[in-house]
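Beneath this line is the structure, given in structure tokens, with notes to follow.
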Amino acid sequence: MKEAAVKQAKVVVVDDNEGNVLVLEALLARWGCSQVTSTTDSSTAVALCERIEPDILLLDLQMPTPDGFQVMEMLEARMKAEVPLPVLVLTGDVSLEVKRRALSMGAADFLTKPFDPVEVRSRVANLVKTRLLQKELTSHNAILEERVRERTGDFERAELEVLERLARAAEFRDDDTGEHTQRVGHTVGLLAEGMLLPAPTVRLLRLAAPLHDVGKIGVPDGVLLKPGKLTSEEFEVMKTHVSIGGSILSRSQSPLLRLGEQIALSHHERWDGTGYPAGLGGEEIPVTGRIVAVADVFDALTHDRPYKEAWPVDEAVAEIGRQSGRQFDPGVVEAFGALDHAALLASPAAGGQDSTQIPAREADRLVAVPDLERRIAAGSDLQLTAAEGS
Ligand SMILES: [Fe+2]
């Protein structure tokens with residue numbers, strides 16, 4: 001710390017004795033301090049500190065009301081701030097009790113009257129140096145925090161882009177536009193909003209939902225692209241896209257990918273317990289999977305697939321309604337009923353994934369589903385229904 005910086009520090013002196021004030025001003029001026037403000041009226045001390053924001057306060061204790069203790073009380077917030085205002089107490093009374101009381105109120109040090117020039121200089125210099133170093137450290141920390149925030153934003157943008165491209169890679173197998181995954185993500189966001197889930201959860205679900213069928217990467221063309229109905233053996237192969245998706249996304253450090261893993265594993269479970277792969281029922285199925293199931297099936301029904309033509313919207317909506325309490329969570333179906341169904345067929349704008357921070361805690365809460373892995377490992381032999389998405 002350069003001495004010049006210390007001499008530029010703003011000093012406030014509060015002492016009802018004008019003689020003491022003059023002595024201190026003279027000593028500080030001789031040392032080269034150029035920004036000294038003094039008062040003999042203690043009632044103006046707090047306002048003076050508010051206005052000047054000093055780097056040190058030289059404060060007498062024995063004064064007419066408010067005395068030094070009362071002034072310190074009023075300055076408590078400044079004295080306990082992140083960069084605290086150092087208060088150098090001026091006192092002729094050096095009794096232990098006075099010292100203890102002043103220290104307990106946050107006084108940084110003492111100057112005994114009559115003043116010794118060397119003592120004044122060294123105490124003021126030490127306290128100001130500490131204050132200026134603390135200021136420097138705080139602003140350095142703020143710069144570092146800002147850099148960390150920027151880097152974190154970069155990583156999250158990259159994570160979202162990789163995630164979107166992964167979903168598109170899977171979708172390319174049977175939909176070269178990749179629009180199904182984006183439409184499902186969009187519908188899932190609307191459903192989650194309709195179910196009054198918190199905004200960070202809605203956003204996470206919208207981002208992770210396009211990964212639901214990522215496991216189709218591992219399903220052979222002969223099955224995935226087969227026109228017409230699958231045989232039961234072929235359907236068994238098709239069902240593996242759920243576990244393949246789960247393993248592609250498994251053990252990720254990313255909360256978003258862990259959420260994607262949960263969705264990939266649970267989006268073909270059914271409310272009545274006859275879905276796959278684990279045969280979970282009702283609220284045992286993660287809410288993420290329950291929401292994606294409705295959005296996925298509606299989109300599959302209303303678009304051409306190798307094995308079927310697109311259904312009219314009203315028929316698809318009626319089928320979703322019929323499956324309430326059977327294939328689907330009635331709560332999700334109710335939220336679905338309130339949506340503008342024709343609008344769901346439109347493709348959401350490309351690159352619709354925003355890049356603000358991913359609320360990791362929210363994702364952790366969503367993926368905390370007991371027993372899911374054990375039940376999935378146990379497996380289940382279940383049948384396909386007419387309204388099954390893929
Ligand atoms: Fe699927």
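Letters A, B, ... mark the chains of the structure tokens in the order given; residue numbers begin at 1 per chain; ligand numbers begin at 1, in order shown.
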Name the residues in contact with Asn20 (chain A) at a cut-off of 9 Å, using only C-alpha atoms, excluding same-chain residues fewer than 5 positions from it; report them as a PDB file with C-alpha atoms, in the first residue's frame.
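Below is the file out.pdb, written as the result:
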```pdb
ATOM      1  CA  ASP A  15     -14.369  16.148  19.394  1.00  0.00           C
ATOM      2  CA  GLU A  25      -5.802  18.756  12.242  1.00  0.00           C
ATOM      3  CA  LYS A 113      -4.921  12.498  25.265  1.00  0.00           C
ATOM      4  CA  PRO A 114      -2.716  14.469  25.248  1.00  0.00           C
ATOM      5  CA  PHE A 115      -1.854  13.307  21.752  1.00  0.00           C
TER       6      PHE A 115
END
```
Residues within 9 Å of ligand 1, counting only C-alpha atoms and all ligand atoms, as a list of chain:residue names: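 With only C-alpha atoms and all ligand atoms and a cut-off of 9 Å, ligand 1 is contacted by A:His212, A:Asp213, A:Val214, A:Gly215, A:Lys216, A:Met238, A:Lys239, A:His241, A:Val242, A:Ala264, A:Leu265, A:His267, A:His268, A:Ala293, A:Asp296, A:Val297, A:Glu388, A:Gly389, A:Ser390.
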Go ahead and write the residues just picked, C-alpha atoms, as an mmCIF file, in the first residue's frame.
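New file again-v3.cif:
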```cif
data_model
loop_
_atom_site.group_PDB
_atom_site.id
_atom_site.type_symbol
_atom_site.label_atom_id
_atom_site.label_comp_id
_atom_site.auth_asym_id
_atom_site.auth_seq_id
_atom_site.Cartn_x
_atom_site.Cartn_y
_atom_site.Cartn_z
ATOM 1 C CA HIS A 212 -37.145 -38.338 -24.079
ATOM 2 C CA ASP A 213 -36.487 -40.477 -27.168
ATOM 3 C CA VAL A 214 -32.704 -40.114 -27.356
ATOM 4 C CA GLY A 215 -32.458 -43.905 -26.993
ATOM 5 C CA LYS A 216 -33.914 -44.329 -30.508
ATOM 6 C CA MET A 238 -38.590 -50.739 -29.684
ATOM 7 C CA LYS A 239 -39.104 -50.657 -25.935
ATOM 8 C CA HIS A 241 -35.133 -47.107 -26.520
ATOM 9 C CA VAL A 242 -36.146 -46.250 -22.969
ATOM 10 C CA ALA A 264 -36.153 -41.024 -20.946
ATOM 11 C CA LEU A 265 -36.718 -43.810 -18.401
ATOM 12 C CA HIS A 267 -42.103 -41.426 -20.300
ATOM 13 C CA HIS A 268 -43.674 -44.802 -21.220
ATOM 14 C CA ALA A 293 -46.143 -38.931 -21.760
ATOM 15 C CA ASP A 296 -45.392 -37.168 -26.595
ATOM 16 C CA VAL A 297 -48.504 -39.204 -27.371
ATOM 17 C CA GLU A 388 -48.616 -45.366 -27.474
ATOM 18 C CA GLY A 389 -46.059 -42.741 -28.433
ATOM 19 C CA SER A 390 -42.587 -43.886 -29.398
#
```
Contacts of Asp93 (chain A) at 12 Å (only C-alpha atoms; same-chain gap of 3+ positions) as a PyMOL selection string: chain A and resi 60-62+89-90+96-100+102+110-114
Which of these residues is nearest to Ser243 (chain A), using only C-alpha atoms: A:Val223, A:Val11, A:Ile217, A:Ala29? A:Ile217
Would you mind reading off the distance between CA of Arg131 (chain A) and CA of Trp31 (chain A), one decimal, in Å? 18.6 Å
Atomic separation - CA of Gly189 (chain A) relative to CA of Val202 (chain A), Å: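 One can read the CA of Val202 (chain A) to CA of Gly189 (chain A) distance as 5.4 Å.
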Rank nothing, just name the residue among A:Ile56, A:Leu256, A:Met72, A:Ala192 nearest to Ser43 (chain A), using only C-alpha atoms.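 With only C-alpha atoms as the atom set, the closest residue is A:Met72.
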Expected answer as an NGL selection string: strand (DSSP E or B) residues in region 227-362 of chain A: :A and (305 or 308 or 324 or 328)
Write the residues of the preceding selection, restricted to N, CA and C atoms, as a PDB file, in the first residue's frame.
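File produced: part-v3.pdb:
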```
ATOM      1  N   ARG A 305     -46.637 -41.172 -38.963  1.00  0.00           N
ATOM      2  CA  ARG A 305     -45.552 -42.043 -38.532  1.00  0.00           C
ATOM      3  C   ARG A 305     -45.447 -43.161 -39.570  1.00  0.00           C
ATOM      4  N   LYS A 308     -48.532 -45.260 -39.291  1.00  0.00           N
ATOM      5  CA  LYS A 308     -49.899 -44.711 -39.251  1.00  0.00           C
ATOM      6  C   LYS A 308     -49.930 -43.288 -39.807  1.00  0.00           C
ATOM      7  N   SER A 324     -57.319 -40.724 -19.577  1.00  0.00           N
ATOM      8  CA  SER A 324     -57.138 -40.129 -18.245  1.00  0.00           C
ATOM      9  C   SER A 324     -57.397 -41.179 -17.178  1.00  0.00           C
ATOM     10  N   PHE A 328     -52.739 -42.052 -18.605  1.00  0.00           N
ATOM     11  CA  PHE A 328     -52.212 -40.749 -18.173  1.00  0.00           C
ATOM     12  C   PHE A 328     -52.696 -40.311 -16.794  1.00  0.00           C
TER      13      PHE A 328
END
```
DSSP on the backbone, then: every residue of region 264-322 of chain A marked alpha helix (DSSP H), written as a ChimeraX atom specification. /A:264-266,287-301,313-322
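Among the candidates A:Gly106, A:Gly228, A:Pro312, A:Pro210, the one nearest to Gly260 (chain A) when counting only C-alpha atoms is A:Pro210.
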Selection: 12 Å around Ala338 (chain A), only C-alpha atoms, excl. self and same-chain fewer than 4 positions, as a list of chain:residue names: A:Thr187, A:Leu190, A:Leu191, A:Ala192, A:Glu193, A:Gly194, A:Met195, A:Val317, A:Gly321, A:Gly331, A:Val332, A:Val333, A:Glu334, A:Ala342, A:Leu344
Written selection (N, CA and C atoms) as a compact mmCIF listing (two decimals), in the first residue's frame:
```txt
# COMPACT_ATOMS: atom_id res chain seq x y z
N THR A 187 -44.83 -28.27 -25.70
CA THR A 187 -46.08 -28.68 -25.06
C THR A 187 -45.87 -28.99 -23.58
N LEU A 190 -45.90 -25.87 -21.60
CA LEU A 190 -47.27 -25.35 -21.40
C LEU A 190 -48.03 -26.16 -20.35
N LEU A 191 -47.85 -27.50 -20.41
CA LEU A 191 -48.54 -28.35 -19.43
C LEU A 191 -48.04 -28.05 -18.01
N ALA A 192 -46.72 -27.94 -17.88
CA ALA A 192 -46.15 -27.67 -16.56
C ALA A 192 -46.62 -26.32 -16.03
N GLU A 193 -46.74 -25.35 -16.93
CA GLU A 193 -47.26 -24.03 -16.53
C GLU A 193 -48.70 -24.16 -16.06
N GLY A 194 -49.50 -24.92 -16.84
CA GLY A 194 -50.91 -25.11 -16.51
C GLY A 194 -51.09 -25.82 -15.18
N MET A 195 -50.10 -26.67 -14.81
CA MET A 195 -50.18 -27.38 -13.53
C MET A 195 -49.60 -26.53 -12.40
N VAL A 317 -57.29 -35.35 -29.22
CA VAL A 317 -57.66 -34.76 -27.92
C VAL A 317 -58.63 -35.70 -27.19
N GLY A 321 -58.17 -37.69 -23.56
CA GLY A 321 -59.19 -37.64 -22.51
C GLY A 321 -59.61 -39.03 -22.06
N GLY A 331 -54.43 -35.37 -13.61
CA GLY A 331 -54.04 -33.97 -13.40
C GLY A 331 -53.39 -33.38 -14.65
N VAL A 332 -52.56 -34.19 -15.32
CA VAL A 332 -51.90 -33.71 -16.54
C VAL A 332 -52.93 -33.58 -17.66
N VAL A 333 -53.86 -34.55 -17.73
CA VAL A 333 -54.89 -34.50 -18.77
C VAL A 333 -55.77 -33.26 -18.59
N GLU A 334 -56.06 -32.93 -17.33
CA GLU A 334 -56.86 -31.73 -17.06
C GLU A 334 -56.12 -30.49 -17.56
N ALA A 342 -54.88 -26.93 -31.39
CA ALA A 342 -54.45 -26.73 -32.78
C ALA A 342 -53.10 -26.03 -32.81
N LEU A 344 -50.71 -26.39 -30.83
CA LEU A 344 -49.61 -27.28 -30.44
C LEU A 344 -48.96 -27.94 -31.65
```
Could you tell me how far CA of Gln134 (chain A) lies from CA of Val120 (chain A), in Å and to one decimal? 21.3 Å
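Residues within 7 Å of Leu301 (chain A), counting only C-alpha atoms and excluding same-chain residues fewer than 3 positions away, are Val297, Phe298, Ala310, Trp311 and Ala316 of chain A.
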